Amino acid sequence: RAILGINDAERVNRQNVVINLTLFADTREAAASDNIDDTVNYRSVAKAVIALAESTEFFLVERLADEIARLCLEEPRVQRAIVSVEKPDALRFAASVGVTIDRER
């Protein structure tokens, strides 16, 4: 849940935000070792993304998506991140609205 939007109510009331990530990394070492230390710790990334979304108050989904991508790329093993941010029920008669961005090192 996040403060996200330009309307007065969106600046006061937290709303549901759906975030999807696709992270690109070389996973060969982890596949060979079967050791979490040899790959991206997706749980740590997810927790950091949730903390970011819950602590910020952006006006645009584009800004939130970009900040999430930057955060993902701070993980040394992540070379590319595709980030989708959606606001369910933001428009009448639509399941959700949002953006998808693609960032890489």
# chains A, B, ... in the order shown; residues from 1 in each chain; ligands from 1
>>> residues_around(residues="Leu64 (chain A)", least_positions_apart="6", cutoff="9 Å", atoms="only C-alpha atoms", output="list in words")
Leu4, Leu52, Ala53, Thr56, Glu57, Phe58 and Val85 of chain A
>>> residues_around(residues="Val17 (chain A)", least_positions_apart="4", cutoff="6 Å", atoms="only C-alpha atoms", output="PyMOL selection string")
chain A and resi 1+86-87
>>> atom_distance(atom1="CA of Asn41 (chain A)", atom2="CA of Thr100 (chain A)")
22.4 Å
>>> residues_around(residues="Arg77 (chain A)", least_positions_apart="3", cutoff="8 Å", atoms="only C-alpha atoms", output="ChimeraX atom specification")
/A:25-26,39-40
>>> closest_residue(among="A:Ala90, A:Arg43, A:Ala65, A:Gly5", to="Asn20 (chain A)", atoms="only C-alpha atoms")
A:Ala65
>>> select_by_dssp(residues="region 18-74 of chain A", states="helix (DSSP H, G or I)", output="ChimeraX atom specification")
/A:28-33,36-38,42-55,61-74
>>> select_by_dssp(residues="chain A", states="strand (DSSP E)", output="list of chain:residue names")
A:Ile3, A:Leu4, A:Val18, A:Ile19, A:Asn20, A:Leu21, A:Thr22, A:Leu23, A:Phe24, A:Glu57, A:Phe58, A:Arg80, A:Ala81, A:Ile82, A:Val83, A:Ser84, A:Val85, A:Glu86, A:Lys87, A:Pro88, A:Ser96, A:Val97, A:Gly98, A:Val99, A:Thr100, A:Ile101, A:Asp102, A:Arg103, A:Glu104
>>> residues_around(residues="Ala46 (chain A)", least_positions_apart="4", cutoff="12 Å", atoms="only C-alpha atoms", output="ChimeraX atom specification")
/A:19-23,40-42,50-53,68-69,71-72,75
>>> atom_distance(atom1="CA of Val12 (chain A)", atom2="CA of Leu60 (chain A)")
14.8 Å
